[in-house]
>>> print(open('entry_30.cif').read())   # mmCIF, C-alpha atoms
data_work
loop_
_atom_site.label_atom_id
_atom_site.label_comp_id
_atom_site.auth_asym_id
_atom_site.auth_seq_id
_atom_site.Cartn_x
_atom_site.Cartn_y
_atom_site.Cartn_z
CA MET P 4 87.86 9.93 74.27
CA SER P 5 91.62 9.52 74.25
CA ASN P 6 93.81 10.64 77.09
CA HIS P 7 95.42 13.04 74.63
CA HIS P 8 92.12 14.73 73.94
CA ALA P 9 91.24 14.77 77.61
CA ARG P 10 94.52 16.41 78.54
CA GLY P 11 94.14 18.96 75.76
CA ARG P 12 90.66 19.90 76.83
CA HIS P 13 91.82 20.60 80.38
CA THR P 14 94.96 22.51 79.45
CA ARG P 15 93.38 25.04 77.05
CA PRO P 16 91.93 27.23 79.85
CA ARG P 17 95.35 27.40 81.47
CA ARG P 18 96.87 28.52 78.16
CA ARG P 19 94.15 31.20 77.81
CA SER P 20 94.83 32.34 81.39
CA SER P 21 98.49 32.68 80.58
CA THR P 22 97.64 34.55 77.38
CA ALA P 23 95.29 36.95 79.22
CA LEU P 24 97.91 37.63 81.87
CA SER P 25 100.52 38.33 79.21
CA THR P 26 98.12 40.66 77.42
CA ALA P 27 97.37 42.55 80.64
CA LEU P 28 101.06 42.94 81.40
CA VAL P 29 101.62 44.33 77.91
CA LEU P 30 98.78 46.82 78.42
CA VAL P 31 100.34 47.95 81.68
CA ALA P 32 103.69 48.37 79.96
CA LEU P 33 102.06 50.42 77.22
CA GLY P 34 100.22 52.56 79.75
CA THR P 35 96.74 51.39 78.68
CA LEU P 36 96.10 50.04 82.21
CA PRO P 37 97.42 52.36 84.93
CA ALA P 38 98.20 49.55 87.36
CA LEU P 39 97.76 45.83 87.86
CA ALA P 40 97.71 44.92 91.51
CA ARG P 41 96.48 41.34 91.11
CA PHE P 42 95.14 39.11 88.43
CA VAL P 43 92.05 37.04 89.10
CA PRO P 44 92.31 33.53 87.64
CA GLU P 45 89.63 32.19 85.30
CA SER P 46 86.30 31.54 86.86
CA ASP P 47 84.36 28.34 86.45
CA HIS P 48 82.87 29.92 83.34
CA GLY P 49 86.32 30.28 81.78
CA ARG P 50 86.47 34.19 81.72
CA ALA P 51 89.63 35.96 82.74
CA THR P 52 89.09 39.40 84.46
CA VAL P 53 91.19 42.17 85.92
CA ALA P 54 89.77 43.18 89.33
CA GLN P 55 88.19 46.63 89.09
CA SER P 56 89.27 47.48 92.60
CA ALA P 57 92.88 46.87 91.67
CA VAL P 58 92.96 49.39 88.83
CA SER P 59 93.62 52.86 90.19
CA ALA P 60 92.15 55.99 88.62
CA PRO P 61 94.50 58.42 86.90
CA ASP P 62 95.80 61.19 89.18
CA ALA P 63 93.65 64.34 89.19
CA ALA P 64 95.16 67.38 87.54
CA PRO P 65 96.69 69.78 90.10
CA ALA P 66 94.50 72.73 91.00
CA ALA P 67 95.48 76.04 89.51
CA PRO P 68 96.97 78.46 92.09
CA ALA P 69 94.53 81.06 93.36
CA ALA P 70 94.93 84.50 91.88
CA PRO P 71 96.39 87.00 94.36
CA GLN P 72 93.90 89.36 95.95
CA THR P 73 94.19 92.83 94.46
CA SER P 74 91.50 94.73 96.36
CA GLN P 75 89.13 94.63 99.32
CA GLU P 76 85.67 96.18 99.42
CA ALA P 77 84.21 97.71 102.58
CA VAL P 78 82.47 94.98 104.60
CA ASP P 79 79.98 95.16 107.48
CA LEU P 80 81.52 92.86 110.09
CA GLY P 81 78.21 92.39 111.94
CA ASP P 82 79.37 93.73 115.31
CA GLY P 83 79.00 97.47 114.74
CA THR P 84 82.31 97.79 112.89
CA THR P 85 83.29 97.71 109.21
CA LEU P 86 86.30 96.46 107.29
CA ALA P 87 88.34 99.15 105.53
CA PRO P 88 88.64 98.88 101.74
CA TRP P 89 92.01 98.82 99.98
CA GLU P 90 93.53 98.27 96.56
CA LEU P 91 96.88 96.82 95.58
CA VAL P 92 99.10 99.31 93.76
CA GLY P 93 102.47 97.85 92.92
CA ASP P 94 103.50 96.00 96.08
CA GLN P 95 101.52 98.23 98.48
CA LYS P 96 98.02 97.89 99.92
CA VAL P 97 96.61 101.39 99.60
CA PHE P 98 93.97 102.63 102.07
CA ARG P 99 92.16 105.98 101.89
CA LEU P 100 90.77 107.39 105.14
CA THR P 101 88.62 110.53 105.06
CA LEU P 102 88.00 112.37 108.34
CA ALA P 103 84.79 114.43 108.41
CA PRO P 104 82.03 115.59 110.81
CA LYS P 105 79.01 113.35 111.28
CA LYS P 106 75.82 113.45 113.32
CA GLN P 107 75.93 110.24 115.32
CA ARG P 108 72.79 108.72 116.82
CA THR P 109 74.05 106.89 119.88
CA ALA P 110 70.65 105.84 121.19
CA GLU P 111 66.99 106.66 120.67
CA GLY P 112 66.56 110.41 120.95
CA LEU P 113 70.30 111.02 121.38
CA VAL P 114 72.18 112.56 118.45
CA LYS P 115 75.71 113.79 119.05
CA ASP P 116 78.25 115.77 117.02
CA GLY P 117 80.68 113.08 116.00
CA LEU P 118 83.74 112.78 113.77
CA ALA P 119 83.72 109.88 111.35
CA VAL P 120 86.30 108.11 109.21
CA ASN P 121 84.91 107.11 105.79
CA GLY P 122 81.50 107.96 107.16
CA SER P 123 81.56 105.50 110.04
CA ILE P 124 82.02 105.61 113.81
CA PRO P 125 84.16 103.82 114.81
CA ALA P 126 86.60 104.16 111.93
CA PRO P 127 86.87 101.15 109.58
CA THR P 128 88.99 98.26 110.79
CA ILE P 129 92.30 97.96 108.96
CA ARG P 130 93.04 94.23 108.69
CA VAL P 131 96.25 93.19 106.94
CA ASN P 132 98.73 90.34 106.89
CA GLN P 133 102.02 90.51 108.72
CA GLY P 134 104.64 91.67 106.23
CA ASP P 135 102.23 93.67 104.06
CA LYS P 136 103.53 96.99 102.75
CA LEU P 137 100.96 99.72 103.43
CA LYS P 138 100.24 103.14 102.04
CA ILE P 139 97.55 105.01 103.95
CA VAL P 140 96.26 108.31 102.59
CA VAL P 141 94.52 110.42 105.27
CA ILE P 142 92.27 113.21 103.97
CA ASN P 143 91.15 115.84 106.48
CA LYS P 144 87.68 117.28 105.84
CA MET P 145 87.18 118.38 109.43
CA LYS P 146 87.26 122.03 110.54
CA GLU P 147 90.50 121.58 112.47
CA GLY P 148 93.89 119.98 112.01
CA SER P 149 94.62 116.37 112.85
CA SER P 150 96.99 113.42 112.50
CA ILE P 151 96.72 109.64 112.88
CA HIS P 152 98.80 107.50 115.25
CA TRP P 153 99.23 103.77 114.52
CA HIS P 154 99.02 102.50 118.07
CA GLY P 155 101.37 99.62 118.89
CA MET P 156 103.08 99.54 115.50
CA ASP P 157 106.81 99.01 114.95
CA LEU P 158 107.49 101.53 112.17
CA PRO P 159 109.84 104.37 111.12
CA ASN P 160 109.76 107.37 113.43
CA GLU P 161 108.48 109.73 110.75
CA GLN P 162 105.41 107.52 110.27
CA ASP P 163 104.35 107.57 113.94
CA GLY P 164 101.71 110.27 113.53
CA VAL P 165 102.47 112.81 116.29
CA PRO P 166 102.02 116.41 115.07
CA GLY P 167 104.85 118.75 115.97
CA ILE P 168 107.11 115.78 116.78
CA THR P 169 107.27 113.43 113.80
CA GLN P 170 105.17 115.32 111.24
CA GLY P 171 103.26 118.52 110.62
CA VAL P 172 99.56 118.91 111.30
CA ILE P 173 97.21 117.70 108.56
CA HIS P 174 95.33 120.96 108.03
CA PRO P 175 91.66 121.12 106.93
CA GLY P 176 91.35 120.32 103.24
CA LYS P 177 94.80 118.69 103.13
CA GLU P 178 96.01 115.09 103.09
CA HIS P 179 98.98 113.17 104.41
CA VAL P 180 100.48 109.88 103.27
CA TYR P 181 101.78 107.25 105.68
CA GLU P 182 103.89 104.35 104.38
CA TRP P 183 105.09 101.50 106.53
CA THR P 184 105.28 97.70 106.71
CA ALA P 185 102.96 95.75 109.05
CA ILE P 186 105.34 94.06 111.50
CA SER P 187 103.54 94.00 114.85
CA ALA P 188 101.11 91.06 114.79
CA GLY P 189 97.88 90.98 116.77
CA THR P 190 95.04 93.27 117.86
CA HIS P 191 95.95 96.97 117.79
CA TRP P 192 94.18 100.22 116.91
CA TYR P 193 94.65 103.64 115.34
CA HIS P 194 93.36 107.07 116.39
CA SER P 195 93.70 110.82 116.17
CA HIS P 196 96.70 112.19 118.03
CA MET P 197 95.63 115.84 117.89
CA HIS P 198 93.71 115.94 121.16
CA GLY P 199 91.34 113.75 123.12
CA ASP P 200 88.18 115.41 121.86
CA GLN P 201 88.68 114.08 118.31
CA GLU P 202 89.28 110.62 119.67
CA GLY P 203 86.23 110.89 121.93
CA ARG P 204 84.04 111.88 118.97
CA GLY P 205 84.93 108.83 116.88
CA VAL P 206 88.37 109.09 115.22
CA PHE P 207 89.49 105.60 116.27
CA GLY P 208 89.39 102.13 114.74
CA GLY P 209 90.81 98.62 114.94
CA LEU P 210 94.16 97.74 113.37
CA TYR P 211 94.67 93.99 113.07
CA VAL P 212 97.86 92.38 111.77
CA VAL P 213 97.32 88.69 111.03
CA PRO P 214 100.40 86.45 111.41
CA PRO P 215 101.07 83.81 108.72
CA VAL P 216 100.83 81.06 111.36
CA GLY P 217 99.71 80.87 114.97
CA ASP P 218 96.75 83.24 114.91
CA ILE P 219 94.15 82.78 117.65
CA ALA P 220 91.68 80.17 116.38
CA SER P 221 87.98 80.90 116.85
CA ASP P 222 84.54 80.23 115.40
CA ARG P 223 83.45 83.88 115.71
CA ASP P 224 85.47 87.09 115.89
CA TYR P 225 83.96 90.25 117.39
CA THR P 226 85.28 93.72 118.22
CA MET P 227 84.13 96.02 121.03
CA ILE P 228 85.70 99.48 121.23
CA PHE P 229 84.81 101.19 124.52
CA SER P 230 84.89 105.00 124.40
CA ASP P 231 83.73 107.70 126.77
CA GLY P 232 84.18 111.15 125.22
CA ALA P 233 81.66 113.55 123.70
CA LEU P 234 79.56 110.61 122.41
CA GLY P 235 78.98 109.42 125.98
CA PHE P 236 79.66 105.92 127.28
CA VAL P 237 79.43 103.83 124.12
CA ILE P 238 80.53 100.56 122.52
CA ASN P 239 81.39 100.92 118.84
CA GLY P 240 79.77 104.35 118.86
CA LYS P 241 76.42 103.18 120.31
CA ALA P 242 74.80 103.13 123.74
CA PHE P 243 72.58 100.28 124.98
CA PRO P 244 70.03 99.23 123.77
CA GLU P 245 71.34 100.30 120.34
CA THR P 246 74.63 98.48 120.76
CA LYS P 247 74.91 95.52 118.42
CA ARG P 248 73.61 92.23 119.81
CA LEU P 249 76.00 89.41 118.99
CA ALA P 250 75.22 85.81 118.09
CA ALA P 251 76.96 82.71 119.38
CA ARG P 252 76.21 79.04 119.98
CA VAL P 253 76.91 76.77 122.92
CA GLY P 254 80.38 75.26 122.57
CA GLU P 255 81.75 77.76 120.04
CA ARG P 256 85.05 79.56 120.57
CA VAL P 257 84.15 83.24 120.53
CA ARG P 258 87.03 85.69 120.14
CA ILE P 259 86.24 89.09 121.64
CA ARG P 260 88.68 91.91 120.90
CA ILE P 261 88.20 94.75 123.37
CA ILE P 262 89.85 98.14 122.83
CA GLY P 263 89.97 101.05 125.27
CA ALA P 264 89.65 104.19 123.15
CA GLY P 265 89.01 106.46 126.13
CA PRO P 266 89.91 109.25 126.10
CA GLU P 267 89.39 109.61 129.85
CA PHE P 268 88.30 106.57 131.88
CA LEU P 269 89.19 103.03 132.83
CA HIS P 270 86.46 100.44 132.30
CA SER P 271 85.85 97.22 134.19
CA ILE P 272 84.65 94.83 131.48
CA HIS P 273 82.53 91.96 132.78
CA LEU P 274 80.95 89.06 130.87
CA HIS P 275 78.06 87.11 132.34
CA LEU P 276 77.95 83.28 132.22
CA GLY P 277 81.09 81.79 133.66
CA PHE P 278 84.47 83.00 132.52
CA PHE P 279 86.63 83.78 129.51
CA GLU P 280 90.33 83.27 128.86
CA VAL P 281 92.57 86.30 128.43
CA VAL P 282 94.83 85.12 125.60
CA ALA P 283 96.52 88.32 124.40
CA GLN P 284 97.23 91.86 125.59
CA ASP P 285 98.15 94.78 123.33
CA GLY P 286 98.45 92.37 120.43
CA ASN P 287 100.88 90.02 122.17
CA LYS P 288 99.79 86.45 122.86
CA LEU P 289 100.23 85.63 126.53
CA PRO P 290 102.59 82.72 127.29
CA LEU P 291 100.23 81.79 130.14
CA PRO P 292 96.59 82.71 129.33
CA TYR P 293 94.45 83.12 132.42
CA LYS P 294 90.76 82.74 133.24
CA ALA P 295 88.66 85.67 134.44
CA ASP P 296 85.13 87.06 134.29
CA THR P 297 86.22 90.71 134.52
CA VAL P 298 89.20 92.60 133.10
CA VAL P 299 90.16 96.24 133.70
CA LEU P 300 90.57 97.95 130.34
CA GLY P 301 92.85 100.98 130.39
CA VAL P 302 92.85 103.84 127.91
CA GLY P 303 94.91 102.66 124.93
CA GLN P 304 94.88 98.97 125.87
CA THR P 305 93.62 96.00 123.86
CA TYR P 306 92.80 92.50 125.04
CA ASP P 307 91.87 89.34 123.16
CA LEU P 308 89.39 87.19 125.07
CA LEU P 309 88.25 83.66 124.23
CA TRP P 310 84.83 82.64 125.52
CA VAL P 311 83.06 79.31 125.16
CA PRO P 312 79.38 79.76 126.12
CA THR P 313 77.86 76.83 128.00
CA ARG P 314 74.15 77.79 128.15
CA THR P 315 71.60 79.36 125.84
CA GLY P 316 70.04 82.75 126.53
CA ALA P 317 70.76 86.48 126.40
CA TRP P 318 74.03 87.03 128.28
CA MET P 319 75.27 90.52 129.06
CA MET P 320 78.69 92.06 128.60
CA HIS P 321 79.15 95.51 130.12
CA CYS P 322 81.33 97.91 132.04
CA HIS P 323 80.89 97.05 135.70
CA ILE P 324 81.29 100.68 136.74
CA PHE P 325 77.55 101.18 136.91
CA SER P 326 77.54 104.88 136.13
CA HIS P 327 78.89 103.79 132.72
CA SER P 328 76.26 101.13 132.05
CA GLU P 329 73.16 101.21 134.26
CA THR P 330 70.65 103.56 135.83
CA ALA P 331 67.55 103.13 137.96
CA ALA P 332 65.63 102.77 134.67
CA GLY P 333 67.75 99.87 133.44
CA MET P 334 70.84 99.16 131.37
CA THR P 335 72.35 101.95 129.27
CA GLY P 336 75.68 103.05 127.85
CA MET P 337 78.45 100.45 127.80
CA ALA P 338 76.42 97.26 127.63
CA THR P 339 75.46 94.72 125.02
CA LEU P 340 74.11 91.17 124.78
CA PHE P 341 75.32 87.86 123.43
CA ASP P 342 72.35 85.86 122.18
CA VAL P 343 73.48 82.26 122.64
CA ALA P 344 71.64 79.53 120.74
CA GLU P 345 71.86 75.77 121.05
CA ALA P 346 74.99 74.07 119.77
CA ASN P 347 75.20 72.87 116.19
CA PRO P 348 75.77 69.12 115.77
CA VAL P 349 78.78 70.10 113.68
CA THR P 350 80.22 73.54 114.34
CA VAL P 351 80.97 75.44 111.15
CA PRO P 352 83.57 78.21 111.63
CA HIS P 353 82.11 81.70 111.34
CA VAL P 354 83.51 84.03 108.70
CA PRO P 355 83.54 87.65 109.93
CA GLY P 356 80.97 89.65 108.01
CA VAL P 357 79.14 86.53 106.85
CA GLY P 358 76.49 84.63 108.78
CA ASP P 359 73.23 85.20 110.52
CA THR P 360 73.24 87.09 113.77
CA ALA P 361 69.56 86.23 114.14
CA ALA P 362 70.25 82.52 114.51
CA ALA P 363 70.47 82.89 118.27
CA LYS P 364 66.76 83.83 118.53
CA PRO P 365 67.36 87.08 120.47
CA VAL P 366 64.84 88.12 123.08
CA GLY P 367 63.48 91.65 123.34
CA ARG P 368 64.52 94.21 125.88
CA ILE P 369 63.10 93.66 129.34
CA ASP P 370 62.21 97.03 130.85
CA PHE P 371 62.12 97.72 134.57
CA GLU P 372 58.68 98.16 136.07
CA PRO P 373 57.95 101.59 137.55
CA GLY P 374 59.22 101.83 141.10
CA HIS P 375 61.43 98.73 140.80
#
>>> encode(input="entry_30.cif", output="structure tokens")
Amino acid sequence: MSNHHARGRHTRPRRRSSTALSTALVLVALGTLPALARFVPESDHGRATVAQSAVSAPDAAPAAPAAPQTSQEAVDLGDGTTLAPWELVGDQKVFRLTLAPKKQRTAEGLVKDGLAVNGSIPAPTIRVNQGDKLKIVVINKMKEGSSIHWHGMDLPNEQDGVPGITQGVIHPGKEHVYEWTAISAGTHWYHSHMHGDQEGRGVFGGLYVVPPVGDIASDRDYTMIFSDGALGFVINGKAFPETKRLAARVGERVRIRIIGAGPEFLHSIHLHLGFFEVVAQDGNKLPLPYKADTVVLGVGQTYDLLWVPTRTGAWMMHCHIFSHSETAAGMTGMATLFDVAEANPVTVPHVPGVGDTAAAKPVGRIDFEPGH
């Protein structure tokens, strides 16, 4: 074989390599190949390839923006409270609150004459975003006049809800419209401002304004409204053991919103198993949260507590004024239980109103033995 033939035989693969590279570059220029990070020379078998790992996939199409929420159904929040429904009309979230009498079973064998809002005691929780424009229609189906005060809200004076001062009484069979913008972020509440008896019978509910950033992060979010009027000493309208038992897991951040609806007494709120952090008062985040196992809840006050349970079991939360929560026969009134289960390997944040409160494997009530 001549040297000319030998040289030709060895140079053809190099020419094919150059041709393949040129072809690939043309494909890139034409957009047929999205990218060419590196070219792999011919193998011993004489095949030119473009490395698969070097060719990037086309960019995914951007997700379509979520449609704005236009309504909210009533939701059982799993702690003895409900979420108030609303619908968007124009640029306002419109709530309708109907005040009416209701027979309220507070415990076994105890039925009291209560006053409900939308059929529930306590009244449904109004939860909105900071900056929302609100229209709240209050319909009075009680036998006496009333009004509603938006406790802790920064709003126009005529919307404040004090009869004889900022508005007239909402007479039986009549309605009144409140319109204001949610400015004051945090945990607040609303209630009758006619007299304490209406408030003590159930005309009170949570009012939560969620800030766009910087809300208190938690895995679970519970509300406890302590009241002491005609319904007796109750949490969310119920006396122990009919208060709602609440689920948690070791290591979770549990947000507990406590509200003092009164109308008469202070309550010393104590949580068993270590301590909690007091992170906000009257809706305002504290610049220096502090640790405690008991906090004195005044009439009209709200606190946000953060608790991280460290052990499994049934752990009590109650008013430590024992005439409000315990007798010689056992716990009663202002008391409830957290049923704490083992930690999850990966903690999944809890969505209020969704999730299983039975996951903590609650134990039954332990009664006192006679004479003990």
>>> closest_residue(input="entry_30.cif", among="P:Ala119, P:Gly209, P:Ser326, P:Pro88", to="P:Glu76", atoms="only C-alpha atoms")
P:Pro88
>>> closest_atom_pairs(input="entry_30.cif", of="stretch 96-195 of chain P", to="stretch 247-259 of chain P", cutoff="12 Å", atoms="all atoms listed in the file", output="tab-separated table")
residue	atom	partner	partner_atom	distance
P:Thr109	CA	P:Lys247	CA	11.5
P:Ala110	CA	P:Lys247	CA	11.5
P:Thr190	CA	P:Ile259	CA	10.4
>>> residues_around(input="entry_30.cif", residues="P:Gln133", least_positions_apart="4", cutoff="6 Å", atoms="all atoms listed in the file", output="list in words")
Ala185, Ile186, Val212, Val213 and Pro214 of chain P
>>> residues_around(input="entry_30.cif", residues="P:Ser271", least_positions_apart="3", cutoff="10 Å", atoms="only C-alpha atoms", output="list in words")
Phe268, Thr297, Val298, Val299, Leu300, Gly301, His321, Cys322, His323, Ile324, Phe325 and His327 of chain P
>>> write_last_selection(input="entry_30.cif", atoms="C-alpha atoms", output="PDB file, in the coordinates of the input")
ATOM      1  CA  PHE P 268      88.300 106.570 131.880  1.00  0.00           C
ATOM      2  CA  THR P 297      86.220  90.710 134.520  1.00  0.00           C
ATOM      3  CA  VAL P 298      89.200  92.600 133.100  1.00  0.00           C
ATOM      4  CA  VAL P 299      90.160  96.240 133.700  1.00  0.00           C
ATOM      5  CA  LEU P 300      90.570  97.950 130.340  1.00  0.00           C
ATOM      6  CA  GLY P 301      92.850 100.980 130.390  1.00  0.00           C
ATOM      7  CA  HIS P 321      79.150  95.510 130.120  1.00  0.00           C
ATOM      8  CA  CYS P 322      81.330  97.910 132.040  1.00  0.00           C
ATOM      9  CA  HIS P 323      80.890  97.050 135.700  1.00  0.00           C
ATOM     10  CA  ILE P 324      81.290 100.680 136.740  1.00  0.00           C
ATOM     11  CA  PHE P 325      77.550 101.180 136.910  1.00  0.00           C
ATOM     12  CA  HIS P 327      78.890 103.790 132.720  1.00  0.00           C
TER      13      HIS P 327
END
>>> closest_residue(input="entry_30.cif", among="P:Met197, P:Pro104, P:Val131, P:Pro292", to="P:Asp116", atoms="all atoms listed in the file")
P:Pro104
>>> residues_around(input="entry_30.cif", residues="P:Gly232", least_positions_apart="4", cutoff="10 Å", atoms="only C-alpha atoms", output="VMD selection string")
chain P and resid 199 to 205 236 to 237 264 to 268
>>> closest_residue(input="entry_30.cif", among="P:Val216, P:Ile173, P:Ile151, P:Val302", to="P:Leu269", atoms="only C-alpha atoms")
P:Val302
>>> atom_distance(input="entry_30.cif", atom1="atom CA of P:Val282", atom2="atom CA of P:Gln162")
29.1 Å
>>> atom_distance(input="entry_30.cif", atom1="atom CA of P:Trp318", atom2="atom CA of P:Thr246")
13.7 Å
>>> residues_around(input="entry_30.cif", residues="P:Gln107", least_positions_apart="6", cutoff="12 Å", atoms="only C-alpha atoms", output="PyMOL selection string")
chain P and resi 113-119+122-125+204-205+233-235+237+239-242
>>> residues_around(input="entry_30.cif", residues="P:Gly148", least_positions_apart="4", cutoff="12 Å", atoms="all atoms listed in the file", output="short mmCIF file (atom, residue, chain, number, x, y, z; two decimals) with C-alpha atoms, in the frame of the given file")
data_model
loop_
_atom_site.label_atom_id
_atom_site.label_comp_id
_atom_site.auth_asym_id
_atom_site.auth_seq_id
_atom_site.Cartn_x
_atom_site.Cartn_y
_atom_site.Cartn_z
CA LEU P 102 88.00 112.37 108.34
CA ALA P 103 84.79 114.43 108.41
CA VAL P 141 94.52 110.42 105.27
CA ILE P 142 92.27 113.21 103.97
CA ASN P 143 91.15 115.84 106.48
CA LYS P 144 87.68 117.28 105.84
CA VAL P 165 102.47 112.81 116.29
CA PRO P 166 102.02 116.41 115.07
CA GLY P 167 104.85 118.75 115.97
CA GLY P 171 103.26 118.52 110.62
CA VAL P 172 99.56 118.91 111.30
CA ILE P 173 97.21 117.70 108.56
CA HIS P 174 95.33 120.96 108.03
CA PRO P 175 91.66 121.12 106.93
CA GLY P 176 91.35 120.32 103.24
CA LYS P 177 94.80 118.69 103.13
CA GLU P 178 96.01 115.09 103.09
CA HIS P 179 98.98 113.17 104.41
CA SER P 195 93.70 110.82 116.17
CA HIS P 196 96.70 112.19 118.03
CA MET P 197 95.63 115.84 117.89
CA HIS P 198 93.71 115.94 121.16
CA GLN P 201 88.68 114.08 118.31
#
>>> atom_distance(input="entry_30.cif", atom1="atom CA of P:Leu210", atom2="atom CA of P:Gln95")
16.6 Å
>>> closest_residue(input="entry_30.cif", among="P:Phe243, P:Val120, P:Lys138, P:Glu182", to="P:Arg108", atoms="only C-alpha atoms")
P:Phe243
>>> resolve_selection(input="entry_30.cif", expression="the PyMOL selection byres ((chain P and resi 308) around 12)", output="ChimeraX atom specification")
/P:190,219-221,223-227,256-262,272-274,278-286,288-289,292-298,305-307,309-311
>>> resolve_selection(input="entry_30.cif", expression="the PyMOL selection byres ((chain P and resi 183) around 12)", output="PyMOL selection string")
chain P and resi 94-97+133-140+153+156-164+180-182+184-187
>>> write_last_selection(input="entry_30.cif", atoms="C-alpha atoms", output="PDB file, in the frame of the given file")
ATOM      1  CA  ASP P  94     103.500  96.000  96.080  1.00  0.00           C
ATOM      2  CA  GLN P  95     101.520  98.230  98.480  1.00  0.00           C
ATOM      3  CA  LYS P  96      98.020  97.890  99.920  1.00  0.00           C
ATOM      4  CA  VAL P  97      96.610 101.390  99.600  1.00  0.00           C
ATOM      5  CA  GLN P 133     102.020  90.510 108.720  1.00  0.00           C
ATOM      6  CA  GLY P 134     104.640  91.670 106.230  1.00  0.00           C
ATOM      7  CA  ASP P 135     102.230  93.670 104.060  1.00  0.00           C
ATOM      8  CA  LYS P 136     103.530  96.990 102.750  1.00  0.00           C
ATOM      9  CA  LEU P 137     100.960  99.720 103.430  1.00  0.00           C
ATOM     10  CA  LYS P 138     100.240 103.140 102.040  1.00  0.00           C
ATOM     11  CA  ILE P 139      97.550 105.010 103.950  1.00  0.00           C
ATOM     12  CA  VAL P 140      96.260 108.310 102.590  1.00  0.00           C
ATOM     13  CA  TRP P 153      99.230 103.770 114.520  1.00  0.00           C
ATOM     14  CA  MET P 156     103.080  99.540 115.500  1.00  0.00           C
ATOM     15  CA  ASP P 157     106.810  99.010 114.950  1.00  0.00           C
ATOM     16  CA  LEU P 158     107.490 101.530 112.170  1.00  0.00           C
ATOM     17  CA  PRO P 159     109.840 104.370 111.120  1.00  0.00           C
ATOM     18  CA  ASN P 160     109.760 107.370 113.430  1.00  0.00           C
ATOM     19  CA  GLU P 161     108.480 109.730 110.750  1.00  0.00           C
ATOM     20  CA  GLN P 162     105.410 107.520 110.270  1.00  0.00           C
ATOM     21  CA  ASP P 163     104.350 107.570 113.940  1.00  0.00           C
ATOM     22  CA  GLY P 164     101.710 110.270 113.530  1.00  0.00           C
ATOM     23  CA  VAL P 180     100.480 109.880 103.270  1.00  0.00           C
ATOM     24  CA  TYR P 181     101.780 107.250 105.680  1.00  0.00           C
ATOM     25  CA  GLU P 182     103.890 104.350 104.380  1.00  0.00           C
ATOM     26  CA  THR P 184     105.280  97.700 106.710  1.00  0.00           C
ATOM     27  CA  ALA P 185     102.960  95.750 109.050  1.00  0.00           C
ATOM     28  CA  ILE P 186     105.340  94.060 111.500  1.00  0.00           C
ATOM     29  CA  SER P 187     103.540  94.000 114.850  1.00  0.00           C
TER      30      SER P 187
END
>>> closest_residue(input="entry_30.cif", among="P:Ala66, P:Ser230, P:Gln72, P:Ala332", to="P:Leu91", atoms="all atoms listed in the file")
P:Gln72
>>> closest_residue(input="entry_30.cif", among="P:Pro68, P:Gly303, P:Pro215, P:Gly277", to="P:His191", atoms="only C-alpha atoms")
P:Gly303
